[in-house]
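Asks: Please find start_28.cif (mmCIF, N, CA and C atoms and all ligand atoms) on the next line:
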data_coords
#
loop_
_atom_site.label_atom_id
_atom_site.label_comp_id
_atom_site.auth_asym_id
_atom_site.auth_seq_id
_atom_site.Cartn_x
_atom_site.Cartn_y
_atom_site.Cartn_z
N MET G 981 115.74 87.36 107.54
CA MET G 981 115.61 88.02 106.24
C MET G 981 114.71 87.21 105.32
N ALA G 982 115.07 87.17 104.06
CA ALA G 982 114.16 86.60 103.07
C ALA G 982 114.08 85.08 103.19
N ASP G 983 113.00 84.61 103.76
CA ASP G 983 112.78 83.17 103.79
C ASP G 983 111.61 82.82 102.87
N ASN G 984 111.24 83.78 102.03
CA ASN G 984 110.11 83.59 101.13
C ASN G 984 110.59 83.97 99.74
N THR G 985 110.41 83.09 98.79
CA THR G 985 110.94 83.34 97.44
C THR G 985 110.23 84.51 96.77
N ASN G 986 109.06 84.92 97.30
CA ASN G 986 108.36 86.06 96.73
C ASN G 986 108.87 87.38 97.28
N THR G 987 109.76 87.32 98.27
CA THR G 987 110.26 88.55 98.88
C THR G 987 111.19 89.28 97.93
N VAL G 988 110.92 90.57 97.70
CA VAL G 988 111.80 91.38 96.85
C VAL G 988 112.47 92.49 97.63
N LEU G 989 111.90 92.85 98.80
CA LEU G 989 112.52 93.85 99.65
C LEU G 989 112.56 93.35 101.08
N THR G 990 113.62 93.73 101.79
CA THR G 990 113.72 93.44 103.21
C THR G 990 114.21 94.71 103.90
N GLY G 991 114.05 94.72 105.23
CA GLY G 991 114.55 95.90 105.93
C GLY G 991 114.44 95.72 107.42
N ARG G 992 114.99 96.70 108.13
CA ARG G 992 114.95 96.69 109.58
C ARG G 992 115.18 98.08 110.12
N CYS G 993 114.72 98.29 111.35
CA CYS G 993 115.01 99.54 112.03
C CYS G 993 116.48 99.55 112.46
N TYR G 994 116.92 100.66 113.00
CA TYR G 994 118.31 100.82 113.42
C TYR G 994 118.75 99.74 114.38
N CYS G 995 117.91 99.44 115.39
CA CYS G 995 118.31 98.46 116.42
C CYS G 995 117.98 97.03 116.03
N GLY G 996 117.16 96.84 115.02
CA GLY G 996 116.82 95.49 114.57
C GLY G 996 115.64 94.86 115.28
N ALA G 997 114.99 95.58 116.19
CA ALA G 997 113.84 95.01 116.90
C ALA G 997 112.67 94.77 115.94
N ILE G 998 112.59 95.57 114.89
CA ILE G 998 111.52 95.41 113.90
C ILE G 998 112.16 95.13 112.54
N THR G 999 111.67 94.08 111.89
CA THR G 999 112.10 93.76 110.53
C THR G 999 110.87 93.70 109.65
N PHE G 1000 111.09 93.77 108.36
CA PHE G 1000 109.96 93.63 107.44
C PHE G 1000 110.41 93.02 106.13
N THR G 1001 109.44 92.47 105.43
CA THR G 1001 109.65 91.94 104.08
C THR G 1001 108.54 92.47 103.19
N ALA G 1002 108.82 92.58 101.91
CA ALA G 1002 107.81 93.03 100.96
C ALA G 1002 107.87 92.16 99.72
N THR G 1003 106.71 91.88 99.16
CA THR G 1003 106.61 91.01 97.99
C THR G 1003 106.41 91.81 96.71
N GLN G 1004 106.74 93.08 96.76
CA GLN G 1004 106.47 93.96 95.63
C GLN G 1004 107.53 95.05 95.60
N LYS G 1005 107.93 95.43 94.38
CA LYS G 1005 108.78 96.61 94.24
C LYS G 1005 107.93 97.85 94.49
N PRO G 1006 108.54 98.95 94.92
CA PRO G 1006 107.75 100.17 95.14
C PRO G 1006 107.07 100.65 93.86
N GLN G 1007 105.86 101.20 94.04
CA GLN G 1007 105.15 101.79 92.90
C GLN G 1007 105.82 103.09 92.48
N VAL G 1008 106.33 103.81 93.44
CA VAL G 1008 107.09 105.03 93.17
C VAL G 1008 107.94 105.28 94.40
N VAL G 1009 109.07 105.94 94.19
CA VAL G 1009 109.90 106.37 95.30
C VAL G 1009 110.03 107.88 95.20
N ALA G 1010 109.78 108.55 96.32
CA ALA G 1010 109.73 110.02 96.29
C ALA G 1010 110.48 110.61 97.47
N TYR G 1011 111.19 111.69 97.19
CA TYR G 1011 111.66 112.51 98.29
C TYR G 1011 110.47 113.29 98.83
N CYS G 1012 110.44 113.54 100.14
CA CYS G 1012 109.50 114.51 100.67
C CYS G 1012 110.29 115.54 101.48
N HIS G 1013 110.07 116.80 101.12
CA HIS G 1013 110.80 117.89 101.77
C HIS G 1013 109.95 118.62 102.80
N CYS G 1014 108.76 118.10 103.10
CA CYS G 1014 107.90 118.86 104.02
C CYS G 1014 108.48 118.86 105.43
N GLU G 1015 108.13 119.90 106.18
CA GLU G 1015 108.68 120.04 107.53
C GLU G 1015 108.27 118.87 108.41
N SER G 1016 107.04 118.35 108.23
CA SER G 1016 106.60 117.23 109.06
C SER G 1016 107.48 116.00 108.86
N CYS G 1017 107.82 115.70 107.61
CA CYS G 1017 108.68 114.55 107.35
C CYS G 1017 110.08 114.77 107.91
N ARG G 1018 110.57 116.00 107.82
CA ARG G 1018 111.89 116.27 108.39
C ARG G 1018 111.89 116.03 109.89
N ARG G 1019 110.87 116.53 110.56
CA ARG G 1019 110.83 116.36 112.01
C ARG G 1019 110.61 114.90 112.40
N ALA G 1020 109.75 114.21 111.65
CA ALA G 1020 109.45 112.81 111.98
C ALA G 1020 110.66 111.90 111.80
N THR G 1021 111.49 112.22 110.80
CA THR G 1021 112.62 111.34 110.51
C THR G 1021 113.93 111.87 111.09
N GLY G 1022 113.98 113.16 111.38
CA GLY G 1022 115.24 113.75 111.84
C GLY G 1022 116.21 114.05 110.72
N GLY G 1023 115.81 113.75 109.50
CA GLY G 1023 116.68 114.00 108.35
C GLY G 1023 116.40 115.35 107.72
N VAL G 1024 117.31 115.80 106.84
CA VAL G 1024 117.10 117.08 106.16
C VAL G 1024 116.10 116.94 105.02
N ALA G 1025 115.81 115.70 104.63
CA ALA G 1025 114.72 115.38 103.71
C ALA G 1025 114.36 113.93 104.00
N ALA G 1026 113.16 113.55 103.63
CA ALA G 1026 112.75 112.16 103.77
C ALA G 1026 112.64 111.54 102.39
N ALA G 1027 112.70 110.22 102.31
CA ALA G 1027 112.40 109.52 101.07
C ALA G 1027 111.54 108.33 101.42
N PHE G 1028 110.47 108.14 100.64
CA PHE G 1028 109.52 107.08 100.92
C PHE G 1028 109.28 106.23 99.68
N ALA G 1029 109.03 104.95 99.91
CA ALA G 1029 108.68 104.01 98.85
C ALA G 1029 107.21 103.66 99.00
N ALA G 1030 106.43 103.92 97.96
CA ALA G 1030 105.00 103.64 97.99
C ALA G 1030 104.75 102.17 97.71
N MET G 1031 104.03 101.52 98.64
CA MET G 1031 103.78 100.08 98.54
C MET G 1031 102.29 99.82 98.76
N ASP G 1032 101.80 98.71 98.18
CA ASP G 1032 100.49 98.21 98.58
C ASP G 1032 100.58 97.71 100.02
N GLU G 1033 99.59 98.07 100.84
CA GLU G 1033 99.63 97.66 102.25
C GLU G 1033 99.81 96.15 102.42
N GLU G 1034 99.11 95.38 101.59
CA GLU G 1034 99.13 93.93 101.79
C GLU G 1034 100.43 93.29 101.34
N ALA G 1035 101.29 94.07 100.68
CA ALA G 1035 102.55 93.51 100.18
C ALA G 1035 103.67 93.56 101.21
N VAL G 1036 103.42 94.20 102.36
CA VAL G 1036 104.48 94.39 103.36
C VAL G 1036 104.08 93.71 104.67
N VAL G 1037 105.01 92.95 105.22
CA VAL G 1037 104.77 92.26 106.50
C VAL G 1037 105.85 92.67 107.49
N PHE G 1038 105.41 93.09 108.68
CA PHE G 1038 106.33 93.54 109.72
C PHE G 1038 106.40 92.50 110.82
N LYS G 1039 107.60 92.33 111.40
CA LYS G 1039 107.78 91.43 112.54
C LYS G 1039 108.52 92.17 113.64
N PRO G 1040 108.10 92.11 114.89
CA PRO G 1040 106.83 91.50 115.32
C PRO G 1040 105.62 92.37 115.02
N ASN G 1041 105.84 93.65 114.71
CA ASN G 1041 104.75 94.57 114.39
C ASN G 1041 105.37 95.81 113.75
N GLU G 1042 104.51 96.77 113.43
CA GLU G 1042 104.97 97.94 112.70
C GLU G 1042 105.48 99.06 113.62
N GLY G 1043 105.47 98.82 114.90
CA GLY G 1043 106.01 99.81 115.83
C GLY G 1043 104.94 100.69 116.43
N ARG G 1044 105.39 101.77 117.04
CA ARG G 1044 104.49 102.69 117.73
C ARG G 1044 103.97 103.74 116.75
N ILE G 1045 102.71 104.13 116.97
CA ILE G 1045 102.09 105.09 116.07
C ILE G 1045 102.17 106.50 116.64
N VAL G 1046 102.37 107.46 115.76
CA VAL G 1046 102.22 108.87 116.13
C VAL G 1046 101.40 109.51 115.02
N SER G 1047 100.34 110.21 115.43
CA SER G 1047 99.44 110.81 114.46
C SER G 1047 99.01 112.17 114.98
N LEU G 1048 99.45 113.22 114.31
CA LEU G 1048 99.13 114.58 114.75
C LEU G 1048 97.91 115.13 114.02
N THR G 1049 97.55 114.51 112.91
CA THR G 1049 96.35 114.90 112.18
C THR G 1049 95.61 113.63 111.80
N PRO G 1050 94.30 113.73 111.58
CA PRO G 1050 93.54 112.52 111.22
C PRO G 1050 93.99 111.93 109.88
N GLU G 1051 94.61 112.74 109.04
CA GLU G 1051 94.96 112.27 107.69
C GLU G 1051 96.25 111.47 107.64
N VAL G 1052 97.12 111.67 108.62
CA VAL G 1052 98.47 111.09 108.53
C VAL G 1052 98.79 110.32 109.80
N SER G 1053 99.25 109.08 109.64
CA SER G 1053 99.78 108.34 110.78
C SER G 1053 101.14 107.80 110.40
N ARG G 1054 102.06 107.92 111.34
CA ARG G 1054 103.43 107.46 111.12
C ARG G 1054 103.76 106.44 112.19
N LYS G 1055 104.61 105.47 111.84
CA LYS G 1055 105.02 104.48 112.82
C LYS G 1055 106.53 104.41 112.87
N PHE G 1056 107.01 104.13 114.09
CA PHE G 1056 108.45 104.13 114.32
C PHE G 1056 108.79 103.07 115.36
N CYS G 1057 110.04 102.66 115.40
CA CYS G 1057 110.48 101.69 116.40
C CYS G 1057 110.54 102.38 117.76
N ALA G 1058 109.81 101.87 118.73
CA ALA G 1058 109.78 102.48 120.05
C ALA G 1058 111.11 102.29 120.79
N ASP G 1059 111.93 101.35 120.35
CA ASP G 1059 113.21 101.12 121.01
C ASP G 1059 114.31 102.05 120.51
N CYS G 1060 114.37 102.26 119.20
CA CYS G 1060 115.49 103.05 118.64
C CYS G 1060 115.03 104.32 117.93
N GLY G 1061 113.74 104.47 117.67
CA GLY G 1061 113.25 105.69 117.06
C GLY G 1061 113.24 105.72 115.54
N SER G 1062 113.72 104.67 114.89
CA SER G 1062 113.71 104.67 113.42
C SER G 1062 112.32 104.94 112.88
N SER G 1063 112.26 105.85 111.92
CA SER G 1063 111.02 106.10 111.20
C SER G 1063 110.79 104.97 110.21
N LEU G 1064 109.64 104.29 110.30
CA LEU G 1064 109.41 103.10 109.47
C LEU G 1064 108.39 103.35 108.37
N THR G 1065 107.23 103.88 108.73
CA THR G 1065 106.16 103.97 107.73
C THR G 1065 105.33 105.25 107.91
N GLY G 1066 104.66 105.61 106.83
CA GLY G 1066 103.63 106.63 106.88
C GLY G 1066 102.41 106.13 106.13
N ARG G 1067 101.24 106.51 106.64
CA ARG G 1067 99.98 106.22 105.95
C ARG G 1067 99.19 107.51 105.85
N TYR G 1068 98.51 107.66 104.70
CA TYR G 1068 97.81 108.91 104.41
C TYR G 1068 96.39 108.57 104.01
N ALA G 1069 95.43 109.21 104.67
CA ALA G 1069 94.02 108.89 104.41
C ALA G 1069 93.66 109.13 102.95
N TYR G 1070 94.35 110.09 102.31
CA TYR G 1070 94.04 110.41 100.92
C TYR G 1070 94.76 109.50 99.94
N LEU G 1071 95.54 108.55 100.44
CA LEU G 1071 96.20 107.55 99.60
C LEU G 1071 95.85 106.16 100.15
N PRO G 1072 94.60 105.76 100.04
CA PRO G 1072 94.14 104.53 100.70
C PRO G 1072 94.78 103.28 100.11
N GLY G 1073 95.00 102.31 100.99
CA GLY G 1073 95.53 101.03 100.54
C GLY G 1073 97.04 101.00 100.39
N GLN G 1074 97.68 102.14 100.62
CA GLN G 1074 99.13 102.19 100.46
C GLN G 1074 99.81 102.43 101.80
N VAL G 1075 101.01 101.91 101.90
CA VAL G 1075 101.88 102.24 103.03
C VAL G 1075 103.18 102.77 102.44
N TYR G 1076 103.74 103.78 103.09
CA TYR G 1076 104.96 104.42 102.60
C TYR G 1076 106.12 104.03 103.50
N LEU G 1077 107.04 103.24 102.95
CA LEU G 1077 108.19 102.79 103.72
C LEU G 1077 109.29 103.84 103.65
N SER G 1078 109.91 104.10 104.79
CA SER G 1078 111.10 104.97 104.78
C SER G 1078 112.20 104.26 104.00
N VAL G 1079 112.73 104.92 102.99
CA VAL G 1079 113.73 104.27 102.12
C VAL G 1079 114.99 103.91 102.92
N GLY G 1080 115.33 104.74 103.91
CA GLY G 1080 116.57 104.52 104.65
C GLY G 1080 116.62 103.25 105.47
N VAL G 1081 115.48 102.62 105.72
CA VAL G 1081 115.48 101.37 106.50
C VAL G 1081 115.31 100.14 105.61
N ILE G 1082 115.28 100.35 104.30
CA ILE G 1082 115.17 99.23 103.35
C ILE G 1082 116.56 98.74 102.98
N ASP G 1083 116.79 97.43 103.06
CA ASP G 1083 118.12 96.87 102.76
C ASP G 1083 118.55 97.17 101.33
N GLN G 1084 117.60 97.23 100.42
CA GLN G 1084 117.90 97.42 99.00
C GLN G 1084 117.82 98.91 98.60
N ALA G 1085 118.00 99.81 99.56
CA ALA G 1085 117.84 101.24 99.28
C ALA G 1085 118.73 101.70 98.12
N ALA G 1086 119.88 101.08 97.96
CA ALA G 1086 120.78 101.49 96.87
C ALA G 1086 120.12 101.32 95.50
N ASP G 1087 119.14 100.44 95.41
CA ASP G 1087 118.46 100.19 94.13
C ASP G 1087 117.19 101.03 93.97
N LEU G 1088 116.88 101.88 94.94
CA LEU G 1088 115.58 102.56 94.96
C LEU G 1088 115.74 104.07 94.81
N ALA G 1089 116.34 104.48 93.72
CA ALA G 1089 116.52 105.92 93.49
C ALA G 1089 115.16 106.58 93.33
N PRO G 1090 114.94 107.70 94.03
CA PRO G 1090 113.65 108.40 93.89
C PRO G 1090 113.44 108.93 92.48
N GLN G 1091 112.15 109.11 92.14
CA GLN G 1091 111.78 109.64 90.83
C GLN G 1091 111.25 111.06 90.90
N ILE G 1092 110.99 111.57 92.11
CA ILE G 1092 110.30 112.85 92.19
C ILE G 1092 110.59 113.51 93.54
N HIS G 1093 110.45 114.82 93.56
CA HIS G 1093 110.54 115.58 94.81
C HIS G 1093 109.15 116.08 95.17
N ALA G 1094 108.64 115.71 96.33
CA ALA G 1094 107.36 116.23 96.81
C ALA G 1094 107.62 117.37 97.79
N HIS G 1095 106.68 118.28 97.84
CA HIS G 1095 106.74 119.43 98.76
C HIS G 1095 108.06 120.19 98.63
N ASP G 1096 108.44 120.42 97.37
CA ASP G 1096 109.70 121.12 97.14
C ASP G 1096 109.67 122.55 97.69
N ALA G 1097 108.48 123.11 97.82
CA ALA G 1097 108.37 124.48 98.36
C ALA G 1097 108.90 124.56 99.79
N GLU G 1098 108.94 123.42 100.50
CA GLU G 1098 109.42 123.41 101.89
C GLU G 1098 110.85 122.91 102.00
N ARG G 1099 111.48 122.64 100.86
CA ARG G 1099 112.85 122.12 100.88
C ARG G 1099 113.79 123.11 101.56
N LEU G 1100 114.72 122.59 102.33
CA LEU G 1100 115.76 123.44 102.91
C LEU G 1100 116.53 124.09 101.77
N PRO G 1101 116.73 125.39 101.83
CA PRO G 1101 117.23 126.11 100.65
C PRO G 1101 118.63 125.70 100.22
N TRP G 1102 119.38 125.12 101.12
CA TRP G 1102 120.75 124.73 100.76
C TRP G 1102 120.86 123.29 100.28
N LEU G 1103 119.72 122.59 100.26
CA LEU G 1103 119.75 121.18 99.88
C LEU G 1103 119.44 121.02 98.40
N HIS G 1104 120.38 120.44 97.66
CA HIS G 1104 120.19 120.25 96.21
C HIS G 1104 120.50 118.80 95.88
N ILE G 1105 119.50 118.09 95.37
CA ILE G 1105 119.65 116.68 95.05
C ILE G 1105 119.23 116.45 93.61
N ASP G 1106 120.17 116.01 92.78
CA ASP G 1106 119.85 115.61 91.40
C ASP G 1106 119.06 116.68 90.67
N ASP G 1107 118.35 116.30 89.66
CA ASP G 1107 117.53 117.24 88.91
C ASP G 1107 116.22 116.57 88.52
N LEU G 1108 115.60 115.93 89.45
CA LEU G 1108 114.32 115.27 89.23
C LEU G 1108 113.21 116.30 89.15
N GLU G 1109 112.06 115.85 88.67
CA GLU G 1109 110.88 116.70 88.67
C GLU G 1109 110.57 117.14 90.10
N ARG G 1110 110.14 118.42 90.23
CA ARG G 1110 109.84 118.95 91.55
C ARG G 1110 108.40 119.43 91.59
N LEU G 1111 107.69 119.01 92.61
CA LEU G 1111 106.33 119.46 92.83
C LEU G 1111 106.34 120.33 94.08
N ALA G 1112 105.78 121.52 93.97
CA ALA G 1112 105.84 122.45 95.09
C ALA G 1112 105.15 121.88 96.32
N ALA G 1113 104.08 121.13 96.12
CA ALA G 1113 103.33 120.56 97.24
C ALA G 1113 103.27 119.04 97.10
N THR G 1114 102.13 118.47 97.40
CA THR G 1114 102.03 117.02 97.45
C THR G 1114 102.26 116.37 96.09
N ALA G 1115 102.78 115.16 96.11
CA ALA G 1115 102.98 114.37 94.89
C ALA G 1115 101.87 113.35 94.72
N ARG G 1116 100.77 113.53 95.44
CA ARG G 1116 99.76 112.46 95.46
C ARG G 1116 99.23 112.13 94.07
N SER G 1117 99.12 113.14 93.19
CA SER G 1117 98.61 112.84 91.85
C SER G 1117 99.54 111.92 91.10
N LYS G 1118 100.84 112.13 91.23
CA LYS G 1118 101.82 111.28 90.57
C LYS G 1118 101.83 109.89 91.19
N ILE G 1119 101.69 109.87 92.51
CA ILE G 1119 101.74 108.58 93.19
C ILE G 1119 100.52 107.75 92.81
N ASN G 1120 99.36 108.39 92.74
CA ASN G 1120 98.14 107.67 92.41
C ASN G 1120 98.14 107.19 90.97
N SER G 1121 98.80 107.93 90.07
CA SER G 1121 98.76 107.55 88.67
C SER G 1121 99.90 106.62 88.28
N SER G 1122 100.76 106.29 89.26
CA SER G 1122 101.89 105.47 88.92
C SER G 1122 101.44 104.06 88.55
N PRO G 1123 102.12 103.44 87.58
CA PRO G 1123 101.76 102.06 87.23
C PRO G 1123 102.08 101.11 88.37
N LYS G 1124 101.27 100.08 88.55
CA LYS G 1124 101.51 99.13 89.62
C LYS G 1124 102.47 98.06 89.14
ZN ZN G 1201 114.59 99.70 116.49
ZN ZN G 1202 106.41 115.00 103.89
#
For the file at hand, write its structure as structure tokens.

Replies:
Amino acid sequence: MADNTNTVLTGRCYCGAITFTATQKPQVVAYCHCESCRRATGGVAAAFAAMDEEAVVFKPNEGRIVSLTPEVSRKFCADCGSSLTGRYAYLPGQVYLSVGVIDQAADLAPQIHAHDAERLPWLHIDDLERLAATARSKINSSPK
């Protein structure tokens, strides 16, 4: 875990084969209700923490990559299947950590719902702002 005083976040996949540390709090935390995120994570919704790429270090690595479109690449633990990260060509320099694998997830309440138009109709979470499609404008304008 945290052997670096600059570490503010730690985490691991389900089986523990992959761990990570981050030296920065998330720029924004967002639910994503899109079908791709549901399938990639197996959850009824996903939640991601937006981070600067250079602020996150994975051990021994970030896992196996799956990329169905040139714009999006996701990584997961090849041993247990935990969804770890997403990267988006239209959000350069950022990596999106799956909130569920972060040890401090209890402190990382999301601020927004992305792709609410694809939300499962029976799923109701809080009363945050909802964007029918991508939240990229909010994510890009978030303070660092
Ligand atoms: Zn694992
Ligand atoms: Zn999504």

Asks: Restricting the calculation to only N, CA and C atoms and all ligand atoms, which member of G:Thr999, G:Thr1049, G:Gln1074, G:Gln1091 is positioned closest to ligand ZN 1201 (chain G)?

Replies: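 Closest to ligand ZN 1201 (chain G), using only N, CA and C atoms and all ligand atoms: G:Thr999.
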
Asks: As a PyMOL selection string, please: every residue in segment 990-1106 of chain G that a backbone DSSP assignment puts in helix (DSSP H, G or I).

Replies: chain G and resi 1015-1021+1033-1035+1079-1081+1085-1087+1096-1098

Asks: Write a file of the just-selected residues containing N, CA and C atoms, as a PDB file, in the frame of the given file.

Replies:
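What follows is the written file out_10.pdb:
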ATOM      1  N   GLU G1015     108.130 119.900 106.180  1.00  0.00           N
ATOM      2  CA  GLU G1015     108.680 120.040 107.530  1.00  0.00           C
ATOM      3  C   GLU G1015     108.270 118.870 108.410  1.00  0.00           C
ATOM      4  N   SER G1016     107.040 118.350 108.230  1.00  0.00           N
ATOM      5  CA  SER G1016     106.600 117.230 109.060  1.00  0.00           C
ATOM      6  C   SER G1016     107.480 116.000 108.860  1.00  0.00           C
ATOM      7  N   CYS G1017     107.820 115.700 107.610  1.00  0.00           N
ATOM      8  CA  CYS G1017     108.680 114.550 107.350  1.00  0.00           C
ATOM      9  C   CYS G1017     110.080 114.770 107.910  1.00  0.00           C
ATOM     10  N   ARG G1018     110.570 116.000 107.820  1.00  0.00           N
ATOM     11  CA  ARG G1018     111.890 116.270 108.390  1.00  0.00           C
ATOM     12  C   ARG G1018     111.890 116.030 109.890  1.00  0.00           C
ATOM     13  N   ARG G1019     110.870 116.530 110.560  1.00  0.00           N
ATOM     14  CA  ARG G1019     110.830 116.360 112.010  1.00  0.00           C
ATOM     15  C   ARG G1019     110.610 114.900 112.400  1.00  0.00           C
ATOM     16  N   ALA G1020     109.750 114.210 111.650  1.00  0.00           N
ATOM     17  CA  ALA G1020     109.450 112.810 111.980  1.00  0.00           C
ATOM     18  C   ALA G1020     110.660 111.900 111.800  1.00  0.00           C
ATOM     19  N   THR G1021     111.490 112.220 110.800  1.00  0.00           N
ATOM     20  CA  THR G1021     112.620 111.340 110.510  1.00  0.00           C
ATOM     21  C   THR G1021     113.930 111.870 111.090  1.00  0.00           C
ATOM     22  N   GLU G1033      99.590  98.070 100.840  1.00  0.00           N
ATOM     23  CA  GLU G1033      99.630  97.660 102.250  1.00  0.00           C
ATOM     24  C   GLU G1033      99.810  96.150 102.420  1.00  0.00           C
ATOM     25  N   GLU G1034      99.110  95.380 101.590  1.00  0.00           N
ATOM     26  CA  GLU G1034      99.130  93.930 101.790  1.00  0.00           C
ATOM     27  C   GLU G1034     100.430  93.290 101.340  1.00  0.00           C
ATOM     28  N   ALA G1035     101.290  94.070 100.680  1.00  0.00           N
ATOM     29  CA  ALA G1035     102.550  93.510 100.180  1.00  0.00           C
ATOM     30  C   ALA G1035     103.670  93.560 101.210  1.00  0.00           C
ATOM     31  N   VAL G1079     112.730 104.920 102.990  1.00  0.00           N
ATOM     32  CA  VAL G1079     113.730 104.270 102.120  1.00  0.00           C
ATOM     33  C   VAL G1079     114.990 103.910 102.920  1.00  0.00           C
ATOM     34  N   GLY G1080     115.330 104.740 103.910  1.00  0.00           N
ATOM     35  CA  GLY G1080     116.570 104.520 104.650  1.00  0.00           C
ATOM     36  C   GLY G1080     116.620 103.250 105.470  1.00  0.00           C
ATOM     37  N   VAL G1081     115.480 102.620 105.720  1.00  0.00           N
ATOM     38  CA  VAL G1081     115.480 101.370 106.500  1.00  0.00           C
ATOM     39  C   VAL G1081     115.310 100.140 105.610  1.00  0.00           C
ATOM     40  N   ALA G1085     118.000  99.810  99.560  1.00  0.00           N
ATOM     41  CA  ALA G1085     117.840 101.240  99.280  1.00  0.00           C
ATOM     42  C   ALA G1085     118.730 101.700  98.120  1.00  0.00           C
ATOM     43  N   ALA G1086     119.880 101.080  97.960  1.00  0.00           N
ATOM     44  CA  ALA G1086     120.780 101.490  96.870  1.00  0.00           C
ATOM     45  C   ALA G1086     120.120 101.320  95.500  1.00  0.00           C
ATOM     46  N   ASP G1087     119.140 100.440  95.410  1.00  0.00           N
ATOM     47  CA  ASP G1087     118.460 100.190  94.130  1.00  0.00           C
ATOM     48  C   ASP G1087     117.190 101.030  93.970  1.00  0.00           C
ATOM     49  N   ASP G1096     108.440 120.420  97.370  1.00  0.00           N
ATOM     50  CA  ASP G1096     109.700 121.120  97.140  1.00  0.00           C
ATOM     51  C   ASP G1096     109.670 122.550  97.690  1.00  0.00           C
ATOM     52  N   ALA G1097     108.480 123.110  97.820  1.00  0.00           N
ATOM     53  CA  ALA G1097     108.370 124.480  98.360  1.00  0.00           C
ATOM     54  C   ALA G1097     108.900 124.560  99.790  1.00  0.00           C
ATOM     55  N   GLU G1098     108.940 123.420 100.500  1.00  0.00           N
ATOM     56  CA  GLU G1098     109.420 123.410 101.890  1.00  0.00           C
ATOM     57  C   GLU G1098     110.850 122.910 102.000  1.00  0.00           C
TER      58      GLU G1098
END

Asks: Show me which residues line ligand ZN 1201 (chain G), defined as having an atom within 7 Å of a ligand atom where only C-alpha atoms and all ligand atoms count, and present them as JSON, numbers by chain.

Replies: {"G": [993, 994, 995, 996, 997, 998, 1057, 1058, 1059, 1060, 1061, 1062]}

Asks: Excluding same-chain residues fewer than 3 positions from Phe1028 of chain G, what lies within 9 Å of it counting only C-alpha atoms, as a PyMOL selection string?

Replies: chain G and resi 1008-1012+1065-1066+1076-1080+1090

Asks: Out of G:Leu989, G:Arg1067, G:Glu1042, G:His1013, which residue has the shortest atom-to-atom distance to Asp1096 of chain G when counting all atoms listed in the file?

Replies: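 Using all atoms listed in the file, Asp1096 of chain G sits closest to G:His1013.
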
Asks: Please extract the residues at most 6.5 Å from ligand ZN 1202 (chain G), counting only N, CA and C atoms and all ligand atoms, and provide them as a ChimeraX atom specification, using the chain letters and residue numbers of this document.

Replies: /G:1012-1018

Asks: Measuring between all atoms listed in the file, which one of G:Ala1002, G:Val1024, G:Ala1069, G:Ala1113 shows the shortest distance to Val1036 of chain G?

Replies: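 Closest to Val1036 of chain G, using all atoms listed in the file: G:Ala1002.
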
Asks: G:Leu1048, G:Ala1097, G:Leu1064, G:Ala1035: which is nearest Arg1110 of chain G, counting all atoms listed in the file?

Replies: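 Once distances to Arg1110 of chain G are computed over all atoms listed in the file, the minimum belongs to G:Ala1097.
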
Asks: Please extract the residues of chain G with a backbone DSSP assignment of strand (DSSP E or B) and present them as JSON, numbers by chain.

Replies: {"G": [989, 990, 991, 992, 999, 1000, 1001, 1002, 1008, 1009, 1010, 1011, 1012, 1026, 1027, 1028, 1029, 1030, 1031, 1032, 1036, 1037, 1038, 1039, 1044, 1045, 1046, 1047, 1048, 1049, 1052, 1053, 1054, 1055, 1056, 1063, 1064, 1065, 1066, 1067, 1068, 1074, 1075, 1076, 1077, 1078, 1082, 1092, 1093, 1094, 1109, 1110]}

Asks: Env of Thr1003 of chain G: 10 Å cut, atoms = only C-alpha atoms, seq-sep filter 5 positions within chain, self excluded. Answer as a ChimeraX atom specification.

Replies: /G:984-990,1031-1032,1034-1037

Asks: For segment 998-1016 of chain G, what centre and edge lengths in Å (one decimal) does the axis-aligned box get once 3 Å is added on each side of all its listed atoms, as AutoDock Vina command-line options?

Replies:
--center_x 108.9 --center_y 105.5 --center_z 103.7 --size_x 13.4 --size_y 35.0 --size_z 28.4

Asks: Looking at G:Leu1111, G:Thr1001, G:Val1081, G:Lys1118, which one is nearest to Phe1038 of chain G, with distances taken over only C-alpha atoms?

Replies: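 Nearest candidate to Phe1038 of chain G out of G:Leu1111, G:Thr1001, G:Val1081, G:Lys1118: G:Thr1001.
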